[in-house]
$ cat model_28.txt   # compact mmCIF, C-alpha atoms (C1' of nucleotides)
# COMPACT_ATOMS: atom_id res chain seq x y z
CA MET A 271 20.61 -13.39 41.30
CA LYS A 272 19.86 -12.94 37.66
CA LYS A 273 19.64 -16.57 36.68
CA LYS A 274 17.24 -17.38 39.46
CA ASP A 275 14.76 -15.00 37.90
CA ILE A 276 15.43 -16.02 34.34
CA GLN A 277 15.90 -19.76 34.45
CA GLU A 278 12.89 -21.98 34.76
CA PRO A 279 12.94 -24.22 37.79
CA ILE A 280 13.39 -27.86 36.87
CA CYS A 281 10.69 -29.15 39.21
CA ALA A 282 8.86 -28.35 42.43
CA VAL A 283 11.78 -29.31 44.67
CA ASP A 284 14.11 -27.15 42.63
CA TYR A 285 11.58 -24.33 42.70
CA ALA A 286 11.20 -24.51 46.47
CA PHE A 287 14.93 -24.63 47.10
CA ARG A 288 15.44 -21.60 44.91
CA ARG A 289 12.90 -19.68 46.90
CA ILE A 290 14.10 -20.53 50.37
CA GLY A 291 17.47 -22.16 49.81
CA GLY A 292 19.75 -19.25 50.62
CA LYS A 293 22.18 -19.37 53.47
CA TYR A 294 20.09 -17.16 55.77
CA LYS A 295 16.56 -17.37 54.40
CA GLY A 296 15.34 -20.13 56.66
CA ARG A 297 16.49 -18.37 59.79
CA ILE A 298 15.07 -15.02 58.72
CA ILE A 299 11.70 -16.60 58.06
CA TRP A 300 11.84 -18.43 61.36
CA TYR A 301 12.73 -15.29 63.34
CA LEU A 302 10.00 -13.30 61.63
CA TYR A 303 7.56 -16.00 62.58
CA SER A 304 8.73 -15.97 66.21
CA LYS A 305 8.61 -12.21 66.64
CA GLN A 306 5.95 -11.29 64.06
CA ILE A 307 7.53 -7.92 63.29
CA MET A 308 11.23 -7.14 63.16
CA ARG A 309 13.19 -4.08 62.23
CA TYR A 310 16.30 -4.23 60.11
CA GLY A 311 18.68 -3.68 63.01
CA GLU A 312 16.88 -6.25 65.11
CA LEU A 313 17.39 -8.85 62.40
CA ARG A 314 20.99 -7.86 62.10
CA ARG A 315 21.60 -8.34 65.81
CA LYS A 316 19.82 -11.70 65.68
CA LEU A 317 21.77 -13.00 62.69
CA THR A 318 25.14 -12.39 64.24
CA ASP A 319 26.99 -13.90 61.30
CA ILE A 320 25.43 -11.82 58.54
CA THR A 321 26.89 -8.68 57.00
CA PRO A 322 24.63 -5.70 56.31
CA LYS A 323 25.10 -6.21 52.62
CA MET A 324 23.95 -9.80 52.71
CA LEU A 325 21.06 -8.99 55.02
CA THR A 326 19.76 -6.32 52.70
CA GLN A 327 20.28 -8.53 49.68
CA THR A 328 18.58 -11.53 51.25
CA LEU A 329 15.66 -9.45 52.45
CA ARG A 330 15.23 -8.04 48.95
CA GLU A 331 15.15 -11.51 47.49
CA LEU A 332 12.58 -12.62 50.01
CA GLU A 333 10.56 -9.52 49.25
CA ASP A 334 10.78 -10.09 45.49
CA ASP A 335 9.66 -13.65 46.11
CA GLN A 336 6.80 -12.36 48.21
CA LEU A 337 7.72 -14.32 51.30
CA VAL A 338 8.45 -11.19 53.34
CA HIS A 339 6.82 -7.81 53.46
CA ARG A 340 8.78 -4.59 53.90
CA LYS A 341 7.19 -1.52 55.43
CA VAL A 342 9.11 1.73 55.34
CA TYR A 343 8.35 4.57 57.73
CA HIS A 344 9.58 7.81 56.27
CA GLU A 345 11.31 8.99 59.37
CA VAL A 346 14.78 10.01 60.40
CA PRO A 347 16.55 7.95 61.56
CA PRO A 348 15.03 5.41 59.19
CA LYS A 349 12.61 2.76 60.35
CA VAL A 350 11.80 -0.32 58.33
CA GLU A 351 9.72 -3.21 59.54
CA TYR A 352 9.76 -6.71 58.13
CA THR A 353 6.93 -9.23 58.44
CA LEU A 354 6.07 -12.57 56.88
CA THR A 355 3.57 -12.60 54.05
CA GLU A 356 0.87 -15.24 53.95
CA THR A 357 2.92 -17.29 51.51
CA GLY A 358 5.96 -16.96 53.73
CA ALA A 359 3.96 -18.12 56.72
CA GLU A 360 2.96 -21.26 54.81
CA LEU A 361 6.59 -22.33 55.05
CA ILE A 362 6.64 -22.35 58.82
CA PRO A 363 5.50 -25.96 59.34
CA PHE A 364 8.22 -27.19 57.08
CA ILE A 365 10.95 -25.03 58.62
CA ASP A 366 9.79 -26.22 62.00
CA HIS A 367 10.04 -29.79 60.78
CA LEU A 368 13.56 -29.13 59.60
CA ARG A 369 14.43 -27.45 62.88
CA GLN A 370 13.29 -30.47 64.84
CA TRP A 371 15.28 -32.77 62.61
CA GLY A 372 18.30 -30.51 63.16
CA ASP A 373 17.90 -30.60 66.93
CA HIS A 374 17.58 -34.34 66.80
CA GLN A 375 20.75 -34.68 64.75
CA ILE A 376 22.69 -32.31 66.99
CA GLU A 377 21.72 -34.43 69.97
CA LYS A 378 22.82 -37.55 68.11
CA GLU A 379 26.22 -35.93 67.78
CA ASN A 380 26.25 -35.42 71.56
CA ARG A 381 26.27 -31.68 71.26
CA ILE A 382 24.11 -29.10 72.92
CA PRO A 383 21.46 -27.67 70.62
CA LYS A 384 21.14 -23.89 70.68
CA SER A 385 17.65 -22.54 70.37
CA CYS A 386 16.85 -20.49 67.30
CA MET B 194 33.13 -26.02 51.66
CA LYS B 195 35.73 -25.52 54.32
CA LYS B 196 33.83 -23.14 56.56
CA LYS B 197 30.82 -25.44 56.62
CA ASP B 198 32.96 -28.04 58.30
CA ILE B 199 34.76 -25.72 60.63
CA GLN B 200 32.20 -23.20 61.78
CA GLU B 201 29.71 -24.15 64.41
CA PRO B 202 26.11 -23.91 63.27
CA ILE B 203 24.23 -21.09 64.96
CA CYS B 204 21.09 -23.11 65.67
CA ALA B 205 19.09 -26.08 64.44
CA VAL B 206 17.68 -24.25 61.42
CA ASP B 207 21.15 -23.13 60.42
CA TYR B 208 22.46 -26.64 61.00
CA ALA B 209 19.77 -28.21 58.85
CA PHE B 210 20.24 -25.74 56.00
CA ARG B 211 23.94 -26.38 56.00
CA ARG B 212 23.35 -30.06 55.65
CA ILE B 213 20.77 -30.00 52.90
CA GLY B 214 20.81 -26.42 51.68
CA GLY B 215 22.97 -26.84 48.60
CA LYS B 216 21.63 -26.11 45.19
CA TYR B 217 21.16 -29.74 44.20
CA LYS B 218 20.99 -31.64 47.48
CA GLY B 219 17.22 -31.67 47.80
CA ARG B 220 16.73 -33.07 44.34
CA ILE B 221 19.45 -35.69 44.73
CA ILE B 222 17.88 -36.91 47.95
CA TRP B 223 14.45 -36.93 46.36
CA TYR B 224 15.61 -38.89 43.33
CA LEU B 225 17.44 -41.41 45.49
CA TYR B 226 14.27 -41.86 47.47
CA SER B 227 12.21 -42.37 44.28
CA LYS B 228 14.56 -44.86 42.66
CA GLN B 229 16.21 -46.37 45.76
CA ILE B 230 19.52 -46.96 43.97
CA MET B 231 21.11 -44.74 41.35
CA ARG B 232 24.41 -44.83 39.56
CA TYR B 233 26.51 -41.75 38.97
CA GLY B 234 25.59 -41.46 35.30
CA GLU B 235 21.93 -41.96 36.06
CA LEU B 236 22.02 -39.05 38.50
CA ARG B 237 23.87 -36.97 35.98
CA ARG B 238 21.23 -37.59 33.32
CA LYS B 239 18.47 -36.81 35.80
CA LEU B 240 20.02 -33.55 37.00
CA THR B 241 20.29 -32.07 33.54
CA ASP B 242 21.65 -28.78 34.83
CA ILE B 243 24.53 -30.12 36.92
CA THR B 244 28.16 -30.37 35.83
CA PRO B 245 30.14 -33.51 36.65
CA LYS B 246 32.33 -31.51 39.01
CA MET B 247 29.39 -30.24 41.01
CA LEU B 248 27.70 -33.64 41.01
CA THR B 249 30.80 -35.32 42.42
CA GLN B 250 31.33 -32.52 44.92
CA THR B 251 27.72 -32.55 46.08
CA LEU B 252 27.65 -36.32 46.39
CA ARG B 253 30.85 -36.20 48.44
CA GLU B 254 29.34 -33.63 50.78
CA LEU B 255 26.21 -35.72 51.18
CA GLU B 256 28.39 -38.73 51.85
CA ASP B 257 30.52 -36.87 54.41
CA ASP B 258 27.30 -35.75 56.06
CA GLN B 259 26.09 -39.34 56.06
CA LEU B 260 22.94 -38.63 54.15
CA VAL B 261 23.99 -40.72 51.17
CA HIS B 262 25.88 -43.99 50.88
CA ARG B 263 28.37 -44.67 48.10
CA LYS B 264 29.10 -48.19 46.97
CA VAL B 265 31.98 -48.77 44.57
CA TYR B 266 32.21 -51.88 42.41
CA HIS B 267 35.76 -52.42 41.33
CA GLU B 268 34.96 -53.09 37.71
CA VAL B 269 35.81 -51.64 34.36
CA PRO B 270 34.02 -49.58 33.22
CA PRO B 271 33.50 -48.22 36.72
CA LYS B 272 30.27 -48.74 38.59
CA VAL B 273 29.24 -46.71 41.62
CA GLU B 274 25.86 -46.88 43.26
CA TYR B 275 24.32 -44.25 45.48
CA THR B 276 21.62 -44.84 48.05
CA LEU B 277 20.06 -42.89 50.91
CA THR B 278 21.25 -43.62 54.41
CA GLU B 279 18.75 -43.92 57.21
CA THR B 280 19.44 -40.34 58.26
CA GLY B 281 19.00 -39.19 54.68
CA ALA B 282 15.70 -41.00 54.46
CA GLU B 283 14.47 -39.12 57.53
CA LEU B 284 14.50 -36.00 55.41
CA ILE B 285 12.00 -37.34 52.90
CA PRO B 286 8.81 -36.17 54.66
CA PHE B 287 10.13 -32.68 54.80
CA ILE B 288 11.35 -32.60 51.21
CA ASP B 289 7.99 -33.96 50.18
CA HIS B 290 6.31 -31.20 52.13
CA LEU B 291 8.46 -28.66 50.38
CA ARG B 292 7.72 -30.26 47.02
CA GLN B 293 3.99 -29.99 47.59
CA TRP B 294 4.34 -26.36 48.61
CA GLY B 295 6.34 -25.77 45.44
CA ASP B 296 3.71 -27.41 43.25
CA HIS B 297 1.05 -25.35 44.93
CA GLN B 298 2.97 -22.13 44.33
CA ILE B 299 3.68 -23.00 40.70
CA GLU B 300 -0.03 -23.55 40.16
CA LYS B 301 -0.76 -20.21 41.81
CA GLU B 302 1.49 -18.62 39.21
CA ASN B 303 -0.62 -20.31 36.50
CA ARG B 304 2.26 -22.43 35.32
CA ILE B 305 2.44 -26.12 34.66
CA PRO B 306 4.30 -28.00 37.40
CA LYS B 307 6.85 -30.52 36.16
CA SER B 308 7.12 -33.68 38.15
CA CYS B 309 10.38 -34.32 39.93
C1' DA C 89 45.00 -50.97 17.42
C1' DA C 90 41.20 -48.22 17.63
C1' DT C 91 36.61 -47.93 20.08
C1' DT C 92 33.42 -48.07 23.94
C1' DA C 93 31.73 -47.29 28.41
C1' DT C 94 31.68 -45.05 33.16
C1' DA C 95 33.02 -42.25 36.91
C1' DG C 96 35.27 -39.24 37.69
C1' DT C 97 39.70 -34.92 37.64
C1' DA C 98 41.98 -30.69 36.03
C1' DT C 99 41.89 -26.22 34.56
C1' DC C 100 40.20 -21.87 33.95
C1' DA C 101 36.10 -18.47 33.82
C1' DT C 102 32.12 -16.59 35.96
C1' DT C 103 28.99 -15.76 39.72
C1' DT C 104 27.91 -15.36 44.41
C1' DT C 105 29.07 -14.13 48.96
C1' DG C 106 31.76 -11.58 52.41
C1' DG C 107 34.13 -7.40 54.88
C1' DT C 108 34.54 -2.75 55.71
C1' DA C 109 33.85 2.03 54.97
C1' DA C 110 30.89 5.57 53.37
C1' DT C 111 26.18 7.70 52.76
C1' DT C 112 21.80 9.89 53.96
C1' DA C 113 18.94 13.30 56.43
C1' DG C 114 16.21 15.20 60.10
C1' DG C 115 16.53 15.94 65.08
C1' DT C 116 19.25 16.83 69.20
C1' DT C 117 23.12 18.73 71.58
C1' DA C 118 27.08 21.91 72.35
C1' DT D 102 24.87 27.25 63.91
C1' DA D 103 27.84 23.54 63.44
C1' DA D 104 29.07 19.12 64.93
C1' DC D 105 26.71 14.76 66.38
C1' DC D 106 23.48 10.99 66.54
C1' DT D 107 20.73 7.17 64.64
C1' DA D 108 19.28 3.38 61.42
C1' DA D 109 19.04 1.46 57.06
C1' DT D 110 21.31 0.98 53.55
C1' DT D 111 24.95 1.42 49.31
C1' DA D 112 29.88 1.29 47.30
C1' DC D 113 33.85 -0.98 46.64
C1' DC D 114 37.05 -4.55 46.64
C1' DA D 115 38.40 -9.50 48.18
C1' DA D 116 37.37 -14.28 48.77
C1' DA D 117 34.81 -18.32 48.00
C1' DA D 118 31.58 -21.11 45.47
C1' DT D 119 29.87 -22.62 41.15
C1' DG D 120 30.11 -23.50 36.20
C1' DA D 121 31.98 -25.05 31.44
C1' DT D 122 34.79 -27.90 29.06
C1' DA D 123 38.43 -30.97 28.18
C1' DC D 124 40.90 -34.76 29.79
C1' DT D 125 42.01 -39.45 32.29
C1' DA D 126 41.94 -44.39 33.38
C1' DT D 127 41.19 -49.27 32.14
C1' DA D 128 39.39 -53.74 30.63
C1' DA D 129 36.50 -55.73 27.20
C1' DT D 130 34.94 -55.48 22.50
C1' DT D 131 35.30 -54.70 17.39
$ encode --input "model_28.txt" --output "C-alpha cells"
Amino acid sequence: MKKKDIQEPICAVDYAFRRIGGKYKGRIIWYLYSKQIMRYGELRRKLTDITPKMLTQTLRELEDDQLVHRKVYHEVPPKVEYTLTETGAELIPFIDHLRQWGDHQIEKENRIPKSC
Amino acid sequence: MKKKDIQEPICAVDYAFRRIGGKYKGRIIWYLYSKQIMRYGELRRKLTDITPKMLTQTLRELEDDQLVHRKVYHEVPPKVEYTLTETGAELIPFIDHLRQWGDHQIEKENRIPKSC
DNA sequence: AATTATAGTATCATTTTGGTAATTAGGTTA
DNA sequence: TAACCTAATTACCAAAATGATACTATAATT
C-alpha cells in the first residue's frame, strides 16, 4: 500500500475510507471491540475467510494507521495480542451504525442475518 | 466483482462493507446527496482521481446494489443522470459520521481538511 | 466535411489480494 | 539427544482488481 501513504486524500470521506475501507478492516475493528483483546490465532479463527498473509498485512496497516495496538510477548510459541487504540475505538459507533443498516438490508432481502 | 455477487456475506458488517466499501463509493454517494442529481461527466470532474472505466464500473455496481438510480435520456450527445435511491440515501447519516471523524483526524494531524 | 459534445468501451499495464508451503525457536516428549 | 509441538508470521507464485490511455458512436453545428 505505497500510494495510500504517499497520495494525499482528496477529502474527509476519501481519507476515512482509506483508513478503514479494506475488505476486512471493519470486521477486525468490530471483533476487537467485542472481545477487547484478541490474539492473532483467535482473529484468524474468527475471520474464517482470511488468509494468514492478508491478516498480517491488514493488521499491519491498522497498526500503522494507529487504529489497532499490537503487543508482542517474547515467548515461544509466540504470543501477540491485538487491541483497539483510542482512535480505533472512536470508529465503533459508526461501524455499529453500518452493521445495523446491514442487518436491516439483509432482512429486507428475506434472509437470515448472521451475528458478527 | 464476481465473488462479491456469488459469495455469501459473513455477517452484517461484511455485508455493508461489500456494498459500500469500494474505493470511490462513499464519495459518489456523498456527492449525489449534496447535488441531488449528477450527470456522468459531472461526477467524473468531481472525482478527479477516477478513470472513466472505474467510474462506469463503480456506478454499475451501485446501480446493481440499488443504491444509485441511472436515468438515460436518449439524446445526442448522450445524457445520463444519476441520483440516490431511497436505500442509498439511508447511508448518508453514516457517511456523514465518517466524514466528520475524518475531518477530526485530519485536524489532529495538523493538516488542512478539504471539503468534500 | 470537419468539429463538437457526452457517455461510455477496448486494450493493455500495474497493483492488490489470495493460496499454500516454509520458517522460527524454546519447551516438551520419546 | 533428537524429533515434535505451538503460534505468528514470511516467501513465493497465481489470480483478481484497478489504472492509463486511446477509441467509439451519433446528431447538431460550423
$ closest_atom_pairs --input "model_28.txt" --of "chain D" --to "chain B" --cutoff "8 Å" --atoms "all atoms listed in the file" --output "Markdown table"
| residue | atom | partner | partner_atom | distance |
| --- | --- | --- | --- | --- |
| D:DT119 | C1' | B:Met247 | CA | 7.6 |
| D:DG120 | C1' | B:Thr244 | CA | 7.2 |
| D:DA121 | C1' | B:Thr244 | CA | 7.9 |
| D:DT127 | C1' | B:Val269 | CA | 6.3 |
| D:DA128 | C1' | B:Val269 | CA | 5.6 |
$ residues_around --input "model_28.txt" --residues "Lys341 (chain A)" --least-positions-apart "2" --cutoff "7 Å" --atoms "all atoms listed in the file" --output "PyMOL selection string"
chain A and resi 339+343+350-352
$ closest_residue --input "model_28.txt" --among "C:DC100, C:DA95, C:DA113, C:DA89" --to "chain A" --atoms "only C-alpha atoms (C1' of nucleotides)"
C:DA113
$ atom_distance --input "model_28.txt" --atom1 "CA of Asp296 (chain B)" --atom2 "CA of Ala282 (chain A)"
5.3 Å
$ residues_around --input "model_28.txt" --residues "DT111 (chain D)" --least-positions-apart "6" --cutoff "12 Å" --atoms "only C-alpha atoms (C1' of nucleotides)" --output "PyMOL selection string"
(chain A and resi 322-324+326-327) or (chain C and resi 109-112)
$ interface_residues --input "model_28.txt" --of "chain C" --to "chain A" --cutoff "8 Å" --atoms "only C-alpha atoms (C1' of nucleotides)" --output "PyMOL selection string"
chain C and resi 105-107+113-115
$ write_last_selection --input "model_28.txt" --atoms "C-alpha atoms (C1' of nucleotides)" --output "tab-separated table (two decimals), in the coordinates of the input"
chain	number	residue	atom	x	y	z
C	105	DT	C1'	29.07	-14.13	48.96
C	106	DG	C1'	31.76	-11.58	52.41
C	107	DG	C1'	34.13	-7.40	54.88
C	113	DA	C1'	18.94	13.30	56.43
C	114	DG	C1'	16.21	15.20	60.10
C	115	DG	C1'	16.53	15.94	65.08
$ closest_residue --input "model_28.txt" --among "B:Arg238, B:Gln200, B:Arg220, B:Lys272" --to "Arg292 (chain B)" --atoms "all atoms listed in the file"
B:Arg220
